[in-house]
Amino acid sequence: MGLRINDIVPDLTVQTDLGEFSLHDWIGDSWAILFSHPKDYTPVCTTEFGAVAQLTDEWAARNTKVLGISVDGVEEHKGWKGDIESFAGTKAGFPIVADTDLAVAKAFDMLPAEAYLPDGRTPADTATVRSVFIISPDKKVQLIMTYPMSVGRNFAEVLRALDGLQRTFGQPLATPANWTTGQDVIVATALDDAAATEKYGALDKKLPYLRFAKDPK
């Protein structure tokens, strides 16, 4: 069975272009984003890694580390980063896991059961490896996204989702559809009106079970 929301991520030791480390040690007290790709030197993946690199300051502002994953080796990752940085116009300072044996892909259930790596493999052989995991400092999975090969991910949405997760983490709050930082949040029904008002101030009650409060940031 694959990882589910609130599962603790496996503490794998991984090889990356920036050295070897355990996932739990690397996460430390930070939030973390793991994003996987079918293969180095492929077009969509290059644009995605470039987008992540361009958001370096945004990840740092949110105490969030990012970790790329691809099935190629360390030397391929090092070479590919030159292309990524040329395309993105900025440094790609985050590590990329060399998941040549699919250990991470299998542990995180990124591949179908029949997946394999034939000699001379193409991106099609690892087509399902395009996933995003957002992990909280307690090492638990908070969000999972999986995309097909043909659709590049929207990292503005990953950033928005991260904001929502951080805003509601450990609090009786939720974010509505299309929420962005600064907009009103939803107060959980676990709090009655009196308790909700005491904790979050005046409520905007749209329905008995749909109550908004000001963003408590």
# chains A, B, ... in the order shown; residues from 1 in each chain; ligands from 1

call {"tool": "select_by_dssp", "arguments": {"residues": "range 7-215 of chain A", "states": "strand (DSSP E or B)", "output": "number ranges by chain"}}
result
A: 8, 13-16, 19-22, 31-37, 64-70, 96-98, 131-135, 140-146, 173-174, 185-187, 204-207, 210-213

call {"tool": "residues_around", "arguments": {"residues": "range 188-190 of chain A", "least_positions_apart": "4", "cutoff": "7 Å", "atoms": "only C-alpha atoms", "output": "number ranges by chain"}}
result
A: 172-174, 209

call {"tool": "closest_residue", "arguments": {"among": "A:Ser150, A:Ser136, A:Ser86, A:Asn63", "to": "His24 in chain A", "atoms": "only C-alpha atoms"}}
result
A:Ser136

call {"tool": "residues_around", "arguments": {"residues": "range 194-204 of chain A", "least_positions_apart": "2", "cutoff": "8 Å", "atoms": "only C-alpha atoms", "output": "PDB file with N, CA, C and O atoms, in the first residue's frame"}}
result
ATOM      1  N   VAL A 187     -13.694  28.221   9.636  1.00  0.00           N
ATOM      2  CA  VAL A 187     -13.547  27.687  10.987  1.00  0.00           C
ATOM      3  C   VAL A 187     -14.225  26.321  11.047  1.00  0.00           C
ATOM      4  O   VAL A 187     -15.368  26.157  10.600  1.00  0.00           O
ATOM      5  N   LEU A 191     -15.670  23.617  16.543  1.00  0.00           N
ATOM      6  CA  LEU A 191     -15.874  24.729  17.468  1.00  0.00           C
ATOM      7  C   LEU A 191     -17.284  25.281  17.298  1.00  0.00           C
ATOM      8  O   LEU A 191     -17.719  25.542  16.168  1.00  0.00           O
ATOM      9  N   ASP A 192     -17.990  25.471  18.409  1.00  0.00           N
ATOM     10  CA  ASP A 192     -19.295  26.132  18.294  1.00  0.00           C
ATOM     11  C   ASP A 192     -19.078  27.624  18.068  1.00  0.00           C
ATOM     12  O   ASP A 192     -17.942  28.119  18.084  1.00  0.00           O
ATOM     13  N   LYS A 206     -22.002  32.142   6.405  1.00  0.00           N
ATOM     14  CA  LYS A 206     -22.682  31.975   5.132  1.00  0.00           C
ATOM     15  C   LYS A 206     -23.784  30.928   5.235  1.00  0.00           C
ATOM     16  O   LYS A 206     -24.838  31.043   4.617  1.00  0.00           O
ATOM     17  N   ARG A 211     -18.614  28.905   8.131  1.00  0.00           N
ATOM     18  CA  ARG A 211     -18.332  30.126   8.854  1.00  0.00           C
ATOM     19  C   ARG A 211     -16.904  30.582   8.529  1.00  0.00           C
ATOM     20  O   ARG A 211     -15.950  29.824   8.701  1.00  0.00           O
ATOM     21  N   PHE A 212     -16.798  31.822   8.099  1.00  0.00           N
ATOM     22  CA  PHE A 212     -15.497  32.385   7.758  1.00  0.00           C
ATOM     23  C   PHE A 212     -14.994  33.286   8.881  1.00  0.00           C
ATOM     24  O   PHE A 212     -15.774  33.913   9.584  1.00  0.00           O
ATOM     25  N   ALA A 213     -13.667  33.330   8.984  1.00  0.00           N
ATOM     26  CA  ALA A 213     -13.020  34.266   9.912  1.00  0.00           C
ATOM     27  C   ALA A 213     -11.838  34.892   9.204  1.00  0.00           C
ATOM     28  O   ALA A 213     -11.351  34.375   8.172  1.00  0.00           O
ATOM     29  N   LYS A 214     -11.350  36.006   9.722  1.00  0.00           N
ATOM     30  CA  LYS A 214     -10.193  36.653   9.141  1.00  0.00           C
ATOM     31  C   LYS A 214      -8.977  35.738   9.240  1.00  0.00           C
ATOM     32  O   LYS A 214      -8.801  35.001  10.212  1.00  0.00           O
ATOM     33  N   PRO A 216      -5.787  34.440  10.353  1.00  0.00           N
ATOM     34  CA  PRO A 216      -5.098  34.757  11.611  1.00  0.00           C
ATOM     35  C   PRO A 216      -3.599  34.894  11.481  1.00  0.00           C
ATOM     36  O   PRO A 216      -2.885  34.874  12.478  1.00  0.00           O
TER      37      PRO A 216
END

call {"tool": "closest_residue", "arguments": {"among": "A:Asp163, A:Ile84, A:Met149, A:Ser30", "to": "Glu58 in chain A", "atoms": "only C-alpha atoms"}}
result
A:Asp163

call {"tool": "atom_distance", "arguments": {"atom1": "CA of Thr175 in chain A", "atom2": "CA of Ile8 in chain A"}}
result
23.4 Å

call {"tool": "residues_around", "arguments": {"residues": "Gly50 in chain A", "least_positions_apart": "5", "cutoff": "12 Å", "atoms": "only C-alpha atoms", "output": "MDAnalysis selection string"}}
result
chainID A and resid 43:45 55:56 68 80:94 152:155

call {"tool": "write_last_selection", "arguments": {"atoms": "N, CA, C and O atoms", "output": "mmCIF file, in the first residue's frame"}}
result
data_model
loop_
_atom_site.group_PDB
_atom_site.id
_atom_site.type_symbol
_atom_site.label_atom_id
_atom_site.label_comp_id
_atom_site.auth_asym_id
_atom_site.auth_seq_id
_atom_site.Cartn_x
_atom_site.Cartn_y
_atom_site.Cartn_z
ATOM 1 N N PRO A 43 12.195 17.534 -21.689
ATOM 2 C CA PRO A 43 11.745 18.920 -21.806
ATOM 3 C C PRO A 43 10.854 19.421 -20.674
ATOM 4 O O PRO A 43 11.127 20.490 -20.097
ATOM 5 N N VAL A 44 9.785 18.698 -20.368
ATOM 6 C CA VAL A 44 8.866 19.177 -19.324
ATOM 7 C C VAL A 44 9.578 19.232 -17.975
ATOM 8 O O VAL A 44 9.433 20.194 -17.211
ATOM 9 N N CYS A 45 10.373 18.209 -17.684
ATOM 10 C CA CYS A 45 11.089 18.161 -16.409
ATOM 11 C C CYS A 45 12.027 19.352 -16.253
ATOM 12 O O CYS A 45 12.159 19.920 -15.163
ATOM 13 N N LEU A 55 11.760 29.765 -7.503
ATOM 14 C CA LEU A 55 11.007 30.009 -6.269
ATOM 15 C C LEU A 55 11.861 29.831 -5.013
ATOM 16 O O LEU A 55 11.325 29.725 -3.913
ATOM 17 N N THR A 56 13.171 29.824 -5.160
ATOM 18 C CA THR A 56 14.063 29.568 -4.023
ATOM 19 C C THR A 56 13.749 30.462 -2.824
ATOM 20 O O THR A 56 13.669 29.990 -1.687
ATOM 21 N N GLY A 68 14.426 17.182 -5.423
ATOM 22 C CA GLY A 68 14.048 16.549 -6.669
ATOM 23 C C GLY A 68 14.390 15.073 -6.655
ATOM 24 O O GLY A 68 15.283 14.634 -5.926
ATOM 25 N N TRP A 80 22.828 17.822 -15.912
ATOM 26 C CA TRP A 80 21.511 18.360 -16.262
ATOM 27 C C TRP A 80 21.263 19.704 -15.578
ATOM 28 O O TRP A 80 20.607 20.583 -16.141
ATOM 29 N N LYS A 81 21.809 19.887 -14.385
ATOM 30 C CA LYS A 81 21.585 21.147 -13.669
ATOM 31 C C LYS A 81 22.093 22.340 -14.475
ATOM 32 O O LYS A 81 21.558 23.441 -14.363
ATOM 33 N N GLY A 82 23.115 22.118 -15.290
ATOM 34 C CA GLY A 82 23.587 23.208 -16.139
ATOM 35 C C GLY A 82 22.501 23.669 -17.092
ATOM 36 O O GLY A 82 22.297 24.872 -17.302
ATOM 37 N N ASP A 83 21.779 22.721 -17.681
ATOM 38 C CA ASP A 83 20.669 23.062 -18.574
ATOM 39 C C ASP A 83 19.549 23.753 -17.811
ATOM 40 O O ASP A 83 18.948 24.720 -18.291
ATOM 41 N N ILE A 84 19.232 23.224 -16.625
ATOM 42 C CA ILE A 84 18.152 23.797 -15.810
ATOM 43 C C ILE A 84 18.467 25.257 -15.476
ATOM 44 O O ILE A 84 17.616 26.142 -15.624
ATOM 45 N N GLU A 85 19.688 25.502 -15.048
ATOM 46 C CA GLU A 85 20.077 26.856 -14.649
ATOM 47 C C GLU A 85 20.131 27.793 -15.842
ATOM 48 O O GLU A 85 19.777 28.980 -15.736
ATOM 49 N N SER A 86 20.543 27.279 -16.993
ATOM 50 C CA SER A 86 20.560 28.090 -18.206
ATOM 51 C C SER A 86 19.141 28.478 -18.604
ATOM 52 O O SER A 86 18.873 29.641 -18.954
ATOM 53 N N PHE A 87 18.228 27.533 -18.535
ATOM 54 C CA PHE A 87 16.837 27.801 -18.906
ATOM 55 C C PHE A 87 16.161 28.744 -17.914
ATOM 56 O O PHE A 87 15.461 29.682 -18.302
ATOM 57 N N ALA A 88 16.384 28.498 -16.616
ATOM 58 C CA ALA A 88 15.681 29.253 -15.573
ATOM 59 C C ALA A 88 16.318 30.606 -15.284
ATOM 60 O O ALA A 88 15.670 31.487 -14.714
ATOM 61 N N GLY A 89 17.572 30.760 -15.635
ATOM 62 C CA GLY A 89 18.259 32.004 -15.350
ATOM 63 C C GLY A 89 18.591 32.182 -13.882
ATOM 64 O O GLY A 89 18.754 33.307 -13.403
ATOM 65 N N THR A 90 18.714 31.077 -13.153
ATOM 66 C CA THR A 90 19.033 31.139 -11.730
ATOM 67 C C THR A 90 19.652 29.826 -11.296
ATOM 68 O O THR A 90 19.561 28.809 -12.011
ATOM 69 N N LYS A 91 20.262 29.818 -10.133
ATOM 70 C CA LYS A 91 20.910 28.616 -9.615
ATOM 71 C C LYS A 91 19.883 27.613 -9.103
ATOM 72 O O LYS A 91 18.891 27.995 -8.468
ATOM 73 N N ALA A 92 20.110 26.344 -9.380
ATOM 74 C CA ALA A 92 19.278 25.261 -8.846
ATOM 75 C C ALA A 92 20.042 24.622 -7.688
ATOM 76 O O ALA A 92 20.770 23.645 -7.861
ATOM 77 N N GLY A 93 19.889 25.184 -6.509
ATOM 78 C CA GLY A 93 20.704 24.775 -5.372
ATOM 79 C C GLY A 93 20.166 23.613 -4.573
ATOM 80 O O GLY A 93 20.810 23.161 -3.626
ATOM 81 N N PHE A 94 19.011 23.107 -4.934
ATOM 82 C CA PHE A 94 18.417 21.991 -4.204
ATOM 83 C C PHE A 94 18.994 20.659 -4.683
ATOM 84 O O PHE A 94 19.439 20.543 -5.832
ATOM 85 N N GLY A 152 2.749 19.702 -17.428
ATOM 86 C CA GLY A 152 3.692 20.255 -16.467
ATOM 87 C C GLY A 152 2.970 20.783 -15.240
ATOM 88 O O GLY A 152 1.868 21.340 -15.339
ATOM 89 N N ARG A 153 3.578 20.595 -14.102
ATOM 90 C CA ARG A 153 2.947 21.031 -12.854
ATOM 91 C C ARG A 153 2.950 22.549 -12.696
ATOM 92 O O ARG A 153 3.851 23.236 -13.178
ATOM 93 N N ASN A 154 1.946 23.037 -11.994
ATOM 94 C CA ASN A 154 1.836 24.463 -11.683
ATOM 95 C C ASN A 154 2.423 24.677 -10.299
ATOM 96 O O ASN A 154 1.772 24.398 -9.296
ATOM 97 N N PHE A 155 3.646 25.167 -10.220
ATOM 98 C CA PHE A 155 4.278 25.318 -8.911
ATOM 99 C C PHE A 155 3.758 26.512 -8.140
ATOM 100 O O PHE A 155 3.972 26.611 -6.930
#

call {"tool": "residues_around", "arguments": {"residues": "Lys139 in chain A", "least_positions_apart": "6", "cutoff": "9 Å", "atoms": "only C-alpha atoms", "output": "number ranges by chain"}}
result
A: 6-10, 24, 27-29, 31-32

call {"tool": "write_last_selection", "arguments": {"atoms": "C-alpha atoms", "output": "compact mmCIF listing (two decimals), in the first residue's frame"}}
result
# COMPACT_ATOMS: atom_id res chain seq x y z
CA ASN A 6 -0.73 11.57 7.68
CA ASP A 7 1.59 8.61 7.08
CA ILE A 8 5.16 9.14 8.29
CA VAL A 9 7.49 9.10 5.29
CA PRO A 10 10.08 6.31 5.21
CA HIS A 24 14.35 12.43 8.16
CA ILE A 27 13.84 17.37 6.68
CA GLY A 28 14.83 18.23 10.25
CA ASP A 29 12.49 20.89 11.66
CA TRP A 31 8.60 21.54 5.88
CA ALA A 32 9.67 19.61 2.80

call {"tool": "closest_residue", "arguments": {"among": "A:Leu165, A:Ala177, A:Lys205, A:Asp25", "to": "Leu12 in chain A", "atoms": "only C-alpha atoms"}}
result
A:Asp25

call {"tool": "residues_around", "arguments": {"residues": "Val158 in chain A", "least_positions_apart": "6", "cutoff": "12 Å", "atoms": "only C-alpha atoms", "output": "PyMOL selection string"}}
result
chain A and resi 32-35+48+51-52+55+58-59+64+66+131-134+143-146+164-165+180

call {"tool": "write_last_selection", "arguments": {"atoms": "C-alpha atoms", "output": "JSON list (two decimals), in the first residue's frame"}}
result
[["chain", "number", "residue", "atom", "x", "y", "z"],
["A", 32, "ALA", "CA", 9.67, 19.61, 2.80],
["A", 33, "ILE", "CA", 8.57, 19.11, -0.78],
["A", 34, "LEU", "CA", 9.61, 16.02, -2.74],
["A", 35, "PHE", "CA", 8.97, 16.25, -6.47],
["A", 48, "GLU", "CA", 9.61, 22.19, -13.84],
["A", 51, "ALA", "CA", 10.30, 26.77, -11.93],
["A", 52, "VAL", "CA", 11.32, 25.31, -8.57],
["A", 55, "LEU", "CA", 11.01, 30.01, -6.27],
["A", 58, "GLU", "CA", 9.65, 31.65, -1.55],
["A", 59, "TRP", "CA", 10.57, 28.20, -0.21],
["A", 64, "THR", "CA", 10.59, 24.66, 3.33],
["A", 66, "VAL", "CA", 12.79, 21.00, -1.78],
["A", 131, "SER", "CA", 4.54, 13.25, -8.15],
["A", 132, "VAL", "CA", 4.60, 15.92, -5.44],
["A", 133, "PHE", "CA", 4.64, 15.21, -1.70],
["A", 134, "ILE", "CA", 4.39, 18.01, 0.86],
["A", 143, "LEU", "CA", -0.49, 16.49, 0.49],
["A", 144, "ILE", "CA", 0.05, 14.31, -2.59],
["A", 145, "MET", "CA", -0.28, 15.32, -6.25],
["A", 146, "THR", "CA", 0.36, 13.11, -9.28],
["A", 164, "GLY", "CA", -2.85, 26.63, 3.12],
["A", 165, "LEU", "CA", -1.27, 23.67, 4.87],
["A", 180, "THR", "CA", -4.74, 32.63, -1.20]]

call {"tool": "atom_distance", "arguments": {"atom1": "CA of Asp138 in chain A", "atom2": "CA of Val74 in chain A"}}
result
28.4 Å

call {"tool": "closest_residue", "arguments": {"among": "A:Lys217, A:Val151, A:Gln171, A:Ile135", "to": "Thr47 in chain A", "atoms": "only C-alpha atoms"}}
result
A:Val151

call {"tool": "residues_around", "arguments": {"residues": "Gly19 in chain A", "least_positions_apart": "2", "cutoff": "10 Å", "atoms": "only C-alpha atoms", "output": "list in words"}}
result
Val14, Gln15, Thr16, Asp17, Phe21, Val74, Pro95, Ile96 and Val97 of chain A

call {"tool": "write_last_selection", "arguments": {"atoms": "all heavy atoms", "output": "PDB file, in the first residue's frame"}}
result
ATOM      1  N   VAL A  14      19.455   8.391   0.957  1.00  0.00           N
ATOM      2  CA  VAL A  14      19.441   8.636  -0.488  1.00  0.00           C
ATOM      3  C   VAL A  14      20.764   9.237  -0.952  1.00  0.00           C
ATOM      4  O   VAL A  14      21.437   9.952  -0.213  1.00  0.00           O
ATOM      5  CB  VAL A  14      18.281   9.576  -0.873  1.00  0.00           C
ATOM      6  CG1 VAL A  14      16.937   8.912  -0.584  1.00  0.00           C
ATOM      7  CG2 VAL A  14      18.373  10.918  -0.141  1.00  0.00           C
ATOM      8  N   GLN A  15      21.104   8.915  -2.190  1.00  0.00           N
ATOM      9  CA  GLN A  15      22.251   9.516  -2.854  1.00  0.00           C
ATOM     10  C   GLN A  15      21.749  10.672  -3.708  1.00  0.00           C
ATOM     11  O   GLN A  15      20.815  10.512  -4.490  1.00  0.00           O
ATOM     12  CB  GLN A  15      22.950   8.490  -3.742  1.00  0.00           C
ATOM     13  CG  GLN A  15      23.563   7.317  -2.994  1.00  0.00           C
ATOM     14  CD  GLN A  15      24.877   7.680  -2.311  1.00  0.00           C
ATOM     15  OE1 GLN A  15      25.441   8.746  -2.573  1.00  0.00           O
ATOM     16  NE2 GLN A  15      25.357   6.807  -1.445  1.00  0.00           N
ATOM     17  N   THR A  16      22.385  11.826  -3.583  1.00  0.00           N
ATOM     18  CA  THR A  16      22.003  12.980  -4.386  1.00  0.00           C
ATOM     19  C   THR A  16      23.245  13.618  -4.995  1.00  0.00           C
ATOM     20  O   THR A  16      24.375  13.263  -4.639  1.00  0.00           O
ATOM     21  CB  THR A  16      21.272  14.044  -3.542  1.00  0.00           C
ATOM     22  OG1 THR A  16      22.222  14.847  -2.830  1.00  0.00           O
ATOM     23  CG2 THR A  16      20.304  13.408  -2.538  1.00  0.00           C
ATOM     24  N   ASP A  17      23.021  14.574  -5.870  1.00  0.00           N
ATOM     25  CA  ASP A  17      24.158  15.294  -6.455  1.00  0.00           C
ATOM     26  C   ASP A  17      24.851  16.182  -5.433  1.00  0.00           C
ATOM     27  O   ASP A  17      25.949  16.674  -5.686  1.00  0.00           O
ATOM     28  CB  ASP A  17      23.689  16.136  -7.640  1.00  0.00           C
ATOM     29  CG  ASP A  17      22.702  17.208  -7.236  1.00  0.00           C
ATOM     30  OD1 ASP A  17      21.717  16.878  -6.547  1.00  0.00           O
ATOM     31  OD2 ASP A  17      22.905  18.380  -7.595  1.00  0.00           O
ATOM     32  N   PHE A  21      22.320  11.486   2.413  1.00  0.00           N
ATOM     33  CA  PHE A  21      21.703  11.815   3.693  1.00  0.00           C
ATOM     34  C   PHE A  21      20.434  10.989   3.871  1.00  0.00           C
ATOM     35  O   PHE A  21      19.906  10.414   2.910  1.00  0.00           O
ATOM     36  CB  PHE A  21      21.382  13.309   3.804  1.00  0.00           C
ATOM     37  CG  PHE A  21      20.629  13.889   2.630  1.00  0.00           C
ATOM     38  CD1 PHE A  21      19.269  13.662   2.457  1.00  0.00           C
ATOM     39  CD2 PHE A  21      21.293  14.676   1.692  1.00  0.00           C
ATOM     40  CE1 PHE A  21      18.582  14.206   1.382  1.00  0.00           C
ATOM     41  CE2 PHE A  21      20.613  15.221   0.611  1.00  0.00           C
ATOM     42  CZ  PHE A  21      19.248  14.987   0.461  1.00  0.00           C
ATOM     43  N   VAL A  74      23.912  10.314 -10.284  1.00  0.00           N
ATOM     44  CA  VAL A  74      24.435  11.570  -9.757  1.00  0.00           C
ATOM     45  C   VAL A  74      25.110  12.393 -10.842  1.00  0.00           C
ATOM     46  O   VAL A  74      24.903  13.620 -10.933  1.00  0.00           O
ATOM     47  CB  VAL A  74      25.415  11.287  -8.598  1.00  0.00           C
ATOM     48  CG1 VAL A  74      26.225  12.529  -8.261  1.00  0.00           C
ATOM     49  CG2 VAL A  74      24.660  10.795  -7.368  1.00  0.00           C
ATOM     50  N   PRO A  95      19.003  19.638  -3.818  1.00  0.00           N
ATOM     51  CA  PRO A  95      19.528  18.335  -4.229  1.00  0.00           C
ATOM     52  C   PRO A  95      18.542  17.560  -5.101  1.00  0.00           C
ATOM     53  O   PRO A  95      17.335  17.792  -5.048  1.00  0.00           O
ATOM     54  CB  PRO A  95      19.756  17.614  -2.900  1.00  0.00           C
ATOM     55  CG  PRO A  95      18.794  18.260  -1.946  1.00  0.00           C
ATOM     56  CD  PRO A  95      18.638  19.675  -2.390  1.00  0.00           C
ATOM     57  N   ILE A  96      19.081  16.651  -5.904  1.00  0.00           N
ATOM     58  CA  ILE A  96      18.275  15.739  -6.712  1.00  0.00           C
ATOM     59  C   ILE A  96      18.694  14.312  -6.374  1.00  0.00           C
ATOM     60  O   ILE A  96      19.862  13.954  -6.491  1.00  0.00           O
ATOM     61  CB  ILE A  96      18.461  15.971  -8.219  1.00  0.00           C
ATOM     62  CG1 ILE A  96      18.228  17.441  -8.578  1.00  0.00           C
ATOM     63  CG2 ILE A  96      17.505  15.079  -9.008  1.00  0.00           C
ATOM     64  CD1 ILE A  96      18.522  17.743 -10.048  1.00  0.00           C
ATOM     65  N   VAL A  97      17.752  13.504  -5.943  1.00  0.00           N
ATOM     66  CA  VAL A  97      18.025  12.108  -5.605  1.00  0.00           C
ATOM     67  C   VAL A  97      18.321  11.307  -6.869  1.00  0.00           C
ATOM     68  O   VAL A  97      17.620  11.424  -7.876  1.00  0.00           O
ATOM     69  CB  VAL A  97      16.832  11.479  -4.868  1.00  0.00           C
ATOM     70  CG1 VAL A  97      17.062   9.976  -4.641  1.00  0.00           C
ATOM     71  CG2 VAL A  97      16.593  12.179  -3.538  1.00  0.00           C
TER      72      VAL A  97
END

call {"tool": "atom_distance", "arguments": {"atom1": "CA of Gln166 in chain A", "atom2": "CA of Met110 in chain A"}}
result
24.6 Å
